[in-house]
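What follows is the content of structure.pdb (PDB, C-alpha atoms, pLDDT in the B column).
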MODEL        1
ATOM      1  CA  MET A   1      16.270 -30.285  -9.459  1.00 60.00           C
ATOM      2  CA  ILE A   2      18.050 -29.630  -6.165  1.00 57.00           C
ATOM      3  CA  THR A   3      19.437 -32.551  -4.181  1.00 61.00           C
ATOM      4  CA  TYR A   4      21.089 -32.575  -0.783  1.00 58.00           C
ATOM      5  CA  ALA A   5      23.688 -34.858   0.714  1.00 59.00           C
ATOM      6  CA  ALA A   6      25.144 -35.043   4.203  1.00 62.00           C
ATOM      7  CA  ALA A   7      28.931 -35.316   4.272  1.00 61.00           C
ATOM      8  CA  GLY A   8      30.230 -38.506   5.857  1.00 54.00           C
ATOM      9  CA  ASP A   9      32.804 -36.994   8.200  1.00 51.00           C
ATOM     10  CA  ALA A  10      30.268 -34.465   9.430  1.00 44.00           C
ATOM     11  CA  MET A  11      27.866 -37.277  10.328  1.00 48.00           C
ATOM     12  CA  ILE A  12      30.324 -39.777  11.696  1.00 53.00           C
ATOM     13  CA  ALA A  13      32.461 -38.507  14.554  1.00 49.00           C
ATOM     14  CA  SER A  14      34.263 -41.849  14.895  1.00 61.00           C
ATOM     15  CA  GLY A  15      34.661 -42.230  11.133  1.00 73.00           C
ATOM     16  CA  TYR A  16      32.588 -45.437  11.152  1.00 84.00           C
ATOM     17  CA  PHE A  17      29.000 -46.451  10.559  1.00 87.00           C
ATOM     18  CA  THR A  18      27.589 -47.795  13.829  1.00 88.00           C
ATOM     19  CA  PRO A  19      24.238 -49.249  14.928  1.00 91.00           C
ATOM     20  CA  ALA A  20      23.415 -45.867  16.506  1.00 90.00           C
ATOM     21  CA  LEU A  21      24.061 -44.102  13.199  1.00 88.00           C
ATOM     22  CA  GLU A  22      22.045 -46.773  11.390  1.00 91.00           C
ATOM     23  CA  ASN A  23      19.061 -46.019  13.647  1.00 93.00           C
ATOM     24  CA  ALA A  24      19.403 -42.290  13.038  1.00 90.00           C
ATOM     25  CA  LEU A  25      19.645 -42.781   9.262  1.00 90.00           C
ATOM     26  CA  ARG A  26      16.571 -45.026   9.227  1.00 93.00           C
ATOM     27  CA  LYS A  27      14.579 -42.255  10.963  1.00 93.00           C
ATOM     28  CA  ALA A  28      15.968 -39.431   8.821  1.00 89.00           C
ATOM     29  CA  LYS A  29      14.381 -38.063   5.675  1.00 87.00           C
ATOM     30  CA  LEU A  30      17.794 -37.368   4.163  1.00 86.00           C
ATOM     31  CA  ARG A  31      18.931 -40.285   1.991  1.00 90.00           C
ATOM     32  CA  ASN A  32      21.906 -38.923   0.045  1.00 91.00           C
ATOM     33  CA  ILE A  33      25.357 -38.948   1.615  1.00 90.00           C
ATOM     34  CA  GLU A  34      28.876 -38.042   0.655  1.00 89.00           C
ATOM     35  CA  LEU A  35      30.835 -41.089   1.712  1.00 91.00           C
ATOM     36  CA  ALA A  36      34.173 -40.344   3.369  1.00 87.00           C
ATOM     37  CA  CYS A  37      36.344 -43.263   2.272  1.00 88.00           C
ATOM     38  CA  ASN A  38      38.917 -42.946   5.050  1.00 83.00           C
ATOM     39  CA  GLN A  39      37.390 -46.024   6.674  1.00 82.00           C
ATOM     40  CA  PHE A  40      38.496 -47.995   3.596  1.00 83.00           C
ATOM     41  CA  SER A  41      42.095 -47.079   4.348  1.00 83.00           C
ATOM     42  CA  VAL A  42      42.263 -48.595   7.820  1.00 82.00           C
ATOM     43  CA  ALA A  43      42.568 -52.315   8.473  1.00 83.00           C
ATOM     44  CA  CYS A  44      40.694 -53.071  11.695  1.00 86.00           C
ATOM     45  CA  GLU A  45      37.589 -54.800  12.992  1.00 91.00           C
ATOM     46  CA  SER A  46      35.693 -51.507  13.423  1.00 86.00           C
ATOM     47  CA  ALA A  47      36.302 -50.517   9.799  1.00 86.00           C
ATOM     48  CA  ASP A  48      35.212 -53.956   8.560  1.00 90.00           C
ATOM     49  CA  ALA A  49      31.997 -53.781  10.614  1.00 92.00           C
ATOM     50  CA  SER A  50      31.367 -50.236   9.392  1.00 90.00           C
ATOM     51  CA  LEU A  51      31.713 -51.237   5.744  1.00 92.00           C
ATOM     52  CA  ALA A  52      29.420 -54.240   6.216  1.00 94.00           C
ATOM     53  CA  LEU A  53      26.781 -51.976   7.784  1.00 95.00           C
ATOM     54  CA  LEU A  54      27.255 -49.389   5.040  1.00 94.00           C
ATOM     55  CA  ARG A  55      26.713 -52.040   2.351  1.00 96.00           C
ATOM     56  CA  LYS A  56      23.551 -53.181   4.142  1.00 97.00           C
ATOM     57  CA  LEU A  57      22.168 -49.623   4.314  1.00 96.00           C
ATOM     58  CA  VAL A  58      22.878 -49.041   0.617  1.00 96.00           C
ATOM     59  CA  LYS A  59      21.358 -52.380  -0.412  1.00 97.00           C
ATOM     60  CA  GLU A  60      18.208 -51.618   1.616  1.00 97.00           C
ATOM     61  CA  LYS A  61      18.110 -48.100   0.072  1.00 96.00           C
ATOM     62  CA  VAL A  62      18.219 -46.483   3.495  1.00 95.00           C
ATOM     63  CA  ILE A  63      20.979 -44.288   2.060  1.00 94.00           C
ATOM     64  CA  ARG A  64      22.251 -43.433  -1.402  1.00 94.00           C
ATOM     65  CA  ILE A  65      25.887 -42.564  -1.958  1.00 94.00           C
ATOM     66  CA  ALA A  66      25.756 -39.377  -3.998  1.00 93.00           C
ATOM     67  CA  ARG A  67      29.499 -38.672  -3.900  1.00 93.00           C
ATOM     68  CA  VAL A  68      32.619 -40.200  -2.407  1.00 94.00           C
ATOM     69  CA  HIS A  69      35.561 -38.458  -0.796  1.00 93.00           C
ATOM     70  CA  LEU A  70      38.728 -40.457  -1.351  1.00 94.00           C
ATOM     71  CA  PRO A  71      41.025 -41.037   1.650  1.00 91.00           C
ATOM     72  CA  PHE A  72      43.591 -38.500   2.771  1.00 88.00           C
ATOM     73  CA  TYR A  73      44.683 -40.336   5.918  1.00 80.00           C
ATOM     74  CA  GLY A  74      44.698 -43.901   7.228  1.00 71.00           C
ATOM     75  CA  ASP A  75      47.153 -46.720   7.869  1.00 75.00           C
ATOM     76  CA  LYS A  76      49.309 -45.524   4.946  1.00 83.00           C
ATOM     77  CA  PRO A  77      49.976 -42.103   3.405  1.00 88.00           C
ATOM     78  CA  TRP A  78      47.447 -40.952   0.776  1.00 93.00           C
ATOM     79  CA  ASP A  79      49.185 -37.934  -0.753  1.00 95.00           C
ATOM     80  CA  PRO A  80      48.766 -38.244  -4.546  1.00 97.00           C
ATOM     81  CA  SER A  81      51.367 -35.518  -5.092  1.00 96.00           C
ATOM     82  CA  THR A  82      54.210 -36.848  -2.981  1.00 96.00           C
ATOM     83  CA  LEU A  83      57.635 -36.208  -4.462  1.00 97.00           C
ATOM     84  CA  ASP A  84      58.759 -39.730  -3.523  1.00 97.00           C
ATOM     85  CA  GLU A  85      58.034 -41.494  -6.829  1.00 98.00           C
ATOM     86  CA  ASP A  86      57.788 -45.006  -5.372  1.00 98.00           C
ATOM     87  CA  LEU A  87      55.360 -43.821  -2.700  1.00 97.00           C
ATOM     88  CA  ARG A  88      53.361 -41.866  -5.295  1.00 97.00           C
ATOM     89  CA  LYS A  89      53.001 -44.959  -7.485  1.00 98.00           C
ATOM     90  CA  ASP A  90      51.921 -46.996  -4.471  1.00 97.00           C
ATOM     91  CA  THR A  91      49.366 -44.324  -3.521  1.00 97.00           C
ATOM     92  CA  SER A  92      48.023 -44.287  -7.084  1.00 97.00           C
ATOM     93  CA  ARG A  93      47.723 -48.077  -7.042  1.00 98.00           C
ATOM     94  CA  ARG A  94      45.906 -48.027  -3.686  1.00 96.00           C
ATOM     95  CA  PHE A  95      43.436 -45.346  -4.854  1.00 97.00           C
ATOM     96  CA  SER A  96      42.698 -47.395  -7.961  1.00 98.00           C
ATOM     97  CA  GLN A  97      42.352 -50.623  -6.011  1.00 97.00           C
ATOM     98  CA  LEU A  98      40.055 -49.004  -3.458  1.00 96.00           C
ATOM     99  CA  ILE A  99      37.737 -47.873  -6.262  1.00 97.00           C
ATOM    100  CA  LEU A 100      37.769 -51.219  -8.075  1.00 97.00           C
ATOM    101  CA  ASP A 101      37.304 -53.271  -4.884  1.00 95.00           C
ATOM    102  CA  ASN A 102      34.300 -51.182  -3.843  1.00 95.00           C
ATOM    103  CA  LEU A 103      32.414 -50.510  -7.050  1.00 96.00           C
ATOM    104  CA  ASP A 104      29.155 -51.165  -5.179  1.00 95.00           C
ATOM    105  CA  LEU A 105      29.840 -48.135  -2.982  1.00 95.00           C
ATOM    106  CA  MET A 106      31.205 -45.735  -5.564  1.00 96.00           C
ATOM    107  CA  ALA A 107      29.257 -42.754  -6.920  1.00 95.00           C
ATOM    108  CA  PRO A 108      29.401 -40.723 -10.126  1.00 95.00           C
ATOM    109  CA  GLU A 109      31.710 -38.180  -8.484  1.00 95.00           C
ATOM    110  CA  ALA A 110      34.798 -38.588  -6.326  1.00 96.00           C
ATOM    111  CA  THR A 111      36.564 -35.813  -4.459  1.00 94.00           C
ATOM    112  CA  ILE A 112      40.303 -35.985  -3.825  1.00 95.00           C
ATOM    113  CA  HIS A 113      42.780 -33.844  -1.904  1.00 93.00           C
ATOM    114  CA  ALA A 114      45.487 -33.031  -4.446  1.00 94.00           C
ATOM    115  CA  SER A 115      48.147 -32.960  -1.733  1.00 94.00           C
ATOM    116  CA  HIS A 116      48.842 -32.482   1.903  1.00 91.00           C
ATOM    117  CA  GLU A 117      50.338 -29.026   2.591  1.00 92.00           C
ATOM    118  CA  PRO A 118      53.686 -28.699   0.817  1.00 93.00           C
ATOM    119  CA  PRO A 119      55.626 -25.433   0.824  1.00 94.00           C
ATOM    120  CA  LEU A 120      54.382 -23.111  -1.918  1.00 94.00           C
ATOM    121  CA  GLU A 121      57.736 -23.175  -3.722  1.00 96.00           C
ATOM    122  CA  GLU A 122      57.317 -26.963  -4.200  1.00 96.00           C
ATOM    123  CA  HIS A 123      53.836 -26.712  -5.729  1.00 95.00           C
ATOM    124  CA  PRO A 124      54.971 -27.017  -9.388  1.00 96.00           C
ATOM    125  CA  GLN A 125      56.615 -30.405  -8.657  1.00 97.00           C
ATOM    126  CA  HIS A 126      53.615 -31.545  -6.607  1.00 96.00           C
ATOM    127  CA  ILE A 127      51.219 -30.558  -9.400  1.00 96.00           C
ATOM    128  CA  ASP A 128      53.245 -32.694 -11.834  1.00 97.00           C
ATOM    129  CA  GLN A 129      53.145 -35.637  -9.426  1.00 98.00           C
ATOM    130  CA  PHE A 130      49.408 -35.215  -8.849  1.00 97.00           C
ATOM    131  CA  CYS A 131      48.786 -35.202 -12.609  1.00 97.00           C
ATOM    132  CA  LYS A 132      50.720 -38.478 -12.956  1.00 98.00           C
ATOM    133  CA  THR A 133      48.604 -40.030 -10.213  1.00 98.00           C
ATOM    134  CA  VAL A 134      45.367 -38.958 -11.876  1.00 98.00           C
ATOM    135  CA  GLU A 135      46.516 -40.395 -15.211  1.00 98.00           C
ATOM    136  CA  GLU A 136      47.281 -43.711 -13.522  1.00 98.00           C
ATOM    137  CA  MET A 137      43.882 -43.690 -11.797  1.00 98.00           C
ATOM    138  CA  MET A 138      41.969 -43.113 -15.049  1.00 98.00           C
ATOM    139  CA  PRO A 139      41.312 -46.814 -15.824  1.00 98.00           C
ATOM    140  CA  ALA A 140      39.755 -47.342 -12.365  1.00 98.00           C
ATOM    141  CA  LEU A 141      37.754 -44.115 -12.597  1.00 98.00           C
ATOM    142  CA  GLU A 142      36.498 -45.100 -16.041  1.00 97.00           C
ATOM    143  CA  ALA A 143      35.596 -48.611 -14.827  1.00 96.00           C
ATOM    144  CA  ALA A 144      33.538 -47.005 -12.057  1.00 96.00           C
ATOM    145  CA  ASN A 145      32.129 -44.384 -14.457  1.00 97.00           C
ATOM    146  CA  MET A 146      33.364 -41.659 -12.094  1.00 97.00           C
ATOM    147  CA  SER A 147      34.579 -38.120 -12.499  1.00 97.00           C
ATOM    148  CA  LEU A 148      37.283 -36.811 -10.195  1.00 97.00           C
ATOM    149  CA  ASN A 149      36.968 -33.459  -8.425  1.00 94.00           C
ATOM    150  CA  VAL A 150      39.915 -31.730  -6.775  1.00 92.00           C
ATOM    151  CA  GLU A 151      38.943 -30.306  -3.415  1.00 90.00           C
ATOM    152  CA  PHE A 152      39.452 -26.560  -3.297  1.00 87.00           C
ATOM    153  CA  LEU A 153      41.074 -25.983   0.082  1.00 81.00           C
ATOM    154  CA  PRO A 154      42.004 -22.547   1.404  1.00 76.00           C
ATOM    155  CA  ARG A 155      45.215 -23.780   2.995  1.00 85.00           C
ATOM    156  CA  THR A 156      48.502 -24.497   1.191  1.00 90.00           C
ATOM    157  CA  CYS A 157      47.327 -27.738  -0.427  1.00 90.00           C
ATOM    158  CA  VAL A 158      47.880 -28.073  -4.168  1.00 92.00           C
ATOM    159  CA  GLY A 159      44.814 -26.664  -5.876  1.00 87.00           C
ATOM    160  CA  HIS A 160      44.313 -23.933  -3.274  1.00 87.00           C
ATOM    161  CA  ASN A 161      43.814 -21.273  -5.909  1.00 87.00           C
ATOM    162  CA  VAL A 162      42.266 -20.921  -9.365  1.00 84.00           C
ATOM    163  CA  GLU A 163      45.627 -20.891 -11.153  1.00 86.00           C
ATOM    164  CA  GLU A 164      46.568 -24.296  -9.776  1.00 86.00           C
TER     165      GLU A 164
ENDMDL
END
Mind turning the file's structure into structure tokens?
Amino acid sequence: MITYAAAGDAMIASGYFTPALENALRKAKLRNIELACNQFSVACESADASLALLRKLVKEKVIRIARVHLPFYGDKPWDPSTLDEDLRKDTSRRFSQLILDNLDLMAPEATIHASHEPPLEEHPQHIDQFCKTVEEMMPALEAANMSLNVEFLPRTCVGHNVEE
């Protein structure tokens, strides 16, 4: 069976669910979305309103979250491969907490950026850091019954080639 999902960032120019988007989604035939979780990583009234609307749309089955894309920007850094060990641990904790605090919005699959764009010569250290982060996230991923996919990006992000 073939299913389709619209990616959150492609649908939401502002990054937030709005009444205008709600109206469009109610009229659309497409129900599956990939939820961009960047709105979870920003503390503001617009993000809170967006998440409330999102929860309403899911509860009413207007949309179904087929996949989530974990944050890679927001109020705090979200680089799971950072070489700063304290910051990496904090990022790992925040990813895990985001998943556990929003189990009602999680999907069977999550996509993560393995890094920002470190110099290629630093990739081995960043890969090690990323692997530590994933290990620390495993309890939250298991609690949400999620698998984690590394986004394959053609830039210099970790995971930009098959070998990595």
Applied to the shown file, which residues does the PyMOL selection byres ((chain A and resi 160-162) around 10) return, written as a ChimeraX atom specification?
-> /A:114-115,117,150-159,163-164
Nearest candidate to A:Asp84 (options A:Ala43, A:Ile99, A:Ile112, A:His126; using only C-alpha atoms) = A:His126
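Residue nearest A:Arg88, chosen from A:Met137, A:Ala143, A:Leu148, A:Val58 and counting all atoms listed in the file: A:Met137.
When all atoms listed in the file are used to compute distances to A:Ala66, the closest of the residues A:Glu34, A:Arg26, A:His116, A:Asn149 turns out to be A:Glu34.
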For atom CA of A:Asn23 and atom CA of A:Leu51, determine how far apart the two atoms are, in Å to one decimal place.
->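 If I compute the distance from atom CA of A:Asn23 to atom CA of A:Leu51, I get 15.8 Å.
Of the listed residues A:Asn145, A:Thr111, A:Asn102, A:Thr133, the one whose atoms come nearest to A:Arg55 is A:Asn102, with distances taken using all atoms listed in the file.
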Extract, using all atoms listed in the file, all DNA, RNA and protein residues at most 7 Å from A:Pro108, discarding same-chain residues fewer than 4 positions from it, and format them as a short mmCIF file (atom, residue, chain, number, x, y, z; two decimals) with C-alpha atoms, in the coordinates of the input.
data_model
loop_
_atom_site.label_atom_id
_atom_site.label_comp_id
_atom_site.auth_asym_id
_atom_site.auth_seq_id
_atom_site.Cartn_x
_atom_site.Cartn_y
_atom_site.Cartn_z
CA ARG A 67 29.50 -38.67 -3.90
CA ASN A 145 32.13 -44.38 -14.46
CA MET A 146 33.36 -41.66 -12.09
CA SER A 147 34.58 -38.12 -12.50
#
Counting only C-alpha atoms, which of A:Leu53, A:Cys37, A:Val68, A:Gln97 gets nearest to A:Ala20?
->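 Looking only at the distances to A:Ala20, the closest residue turns out to be A:Leu53.
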The PyMOL selection byres ((chain A and resi 80) around 10) resolved against shown file, as a CSV table (one decimal) with C-alpha atoms, keeping the file's coordinate frame:
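What ended up in out-v1.csv:
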chain,number,residue,atom,x,y,z
A,72,PHE,CA,43.6,-38.5,2.8
A,77,PRO,CA,50.0,-42.1,3.4
A,78,TRP,CA,47.4,-41.0,0.8
A,79,ASP,CA,49.2,-37.9,-0.8
A,81,SER,CA,51.4,-35.5,-5.1
A,82,THR,CA,54.2,-36.8,-3.0
A,83,LEU,CA,57.6,-36.2,-4.5
A,87,LEU,CA,55.4,-43.8,-2.7
A,88,ARG,CA,53.4,-41.9,-5.3
A,89,LYS,CA,53.0,-45.0,-7.5
A,90,ASP,CA,51.9,-47.0,-4.5
A,91,THR,CA,49.4,-44.3,-3.5
A,92,SER,CA,48.0,-44.3,-7.1
A,95,PHE,CA,43.4,-45.3,-4.9
A,112,ILE,CA,40.3,-36.0,-3.8
A,113,HIS,CA,42.8,-33.8,-1.9
A,114,ALA,CA,45.5,-33.0,-4.4
A,115,SER,CA,48.1,-33.0,-1.7
A,116,HIS,CA,48.8,-32.5,1.9
A,126,HIS,CA,53.6,-31.5,-6.6
A,127,ILE,CA,51.2,-30.6,-9.4
A,129,GLN,CA,53.1,-35.6,-9.4
A,130,PHE,CA,49.4,-35.2,-8.8
A,131,CYS,CA,48.8,-35.2,-12.6
A,132,LYS,CA,50.7,-38.5,-13.0
A,133,THR,CA,48.6,-40.0,-10.2
A,134,VAL,CA,45.4,-39.0,-11.9
So how far away is atom CA of A:Ala36 from atom CA of A:Pro19, in Å?
->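 Separation of atom CA of A:Pro19 and atom CA of A:Ala36: 17.7 Å.
The spacing separating atom CA of A:Gln39 from atom CA of A:Ala52 amounts to 11.5 Å.
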Smallest atom-to-atom distance to A:Leu54: which of A:Leu105, A:Arg93, A:Gly74, A:Ser41, using all atoms listed in the file?
-> A:Leu105
With 8 Å added on each side, what axis-aligned box encloses every listed atom of stretch 26-41 of chain A? Give the centre and edge lengths in Å to one decimal, as JSON.
{"center_x": 28.2, "center_y": -42.7, "center_z": 5.5, "size_x": 43.7, "size_y": 26.6, "size_z": 26.9}
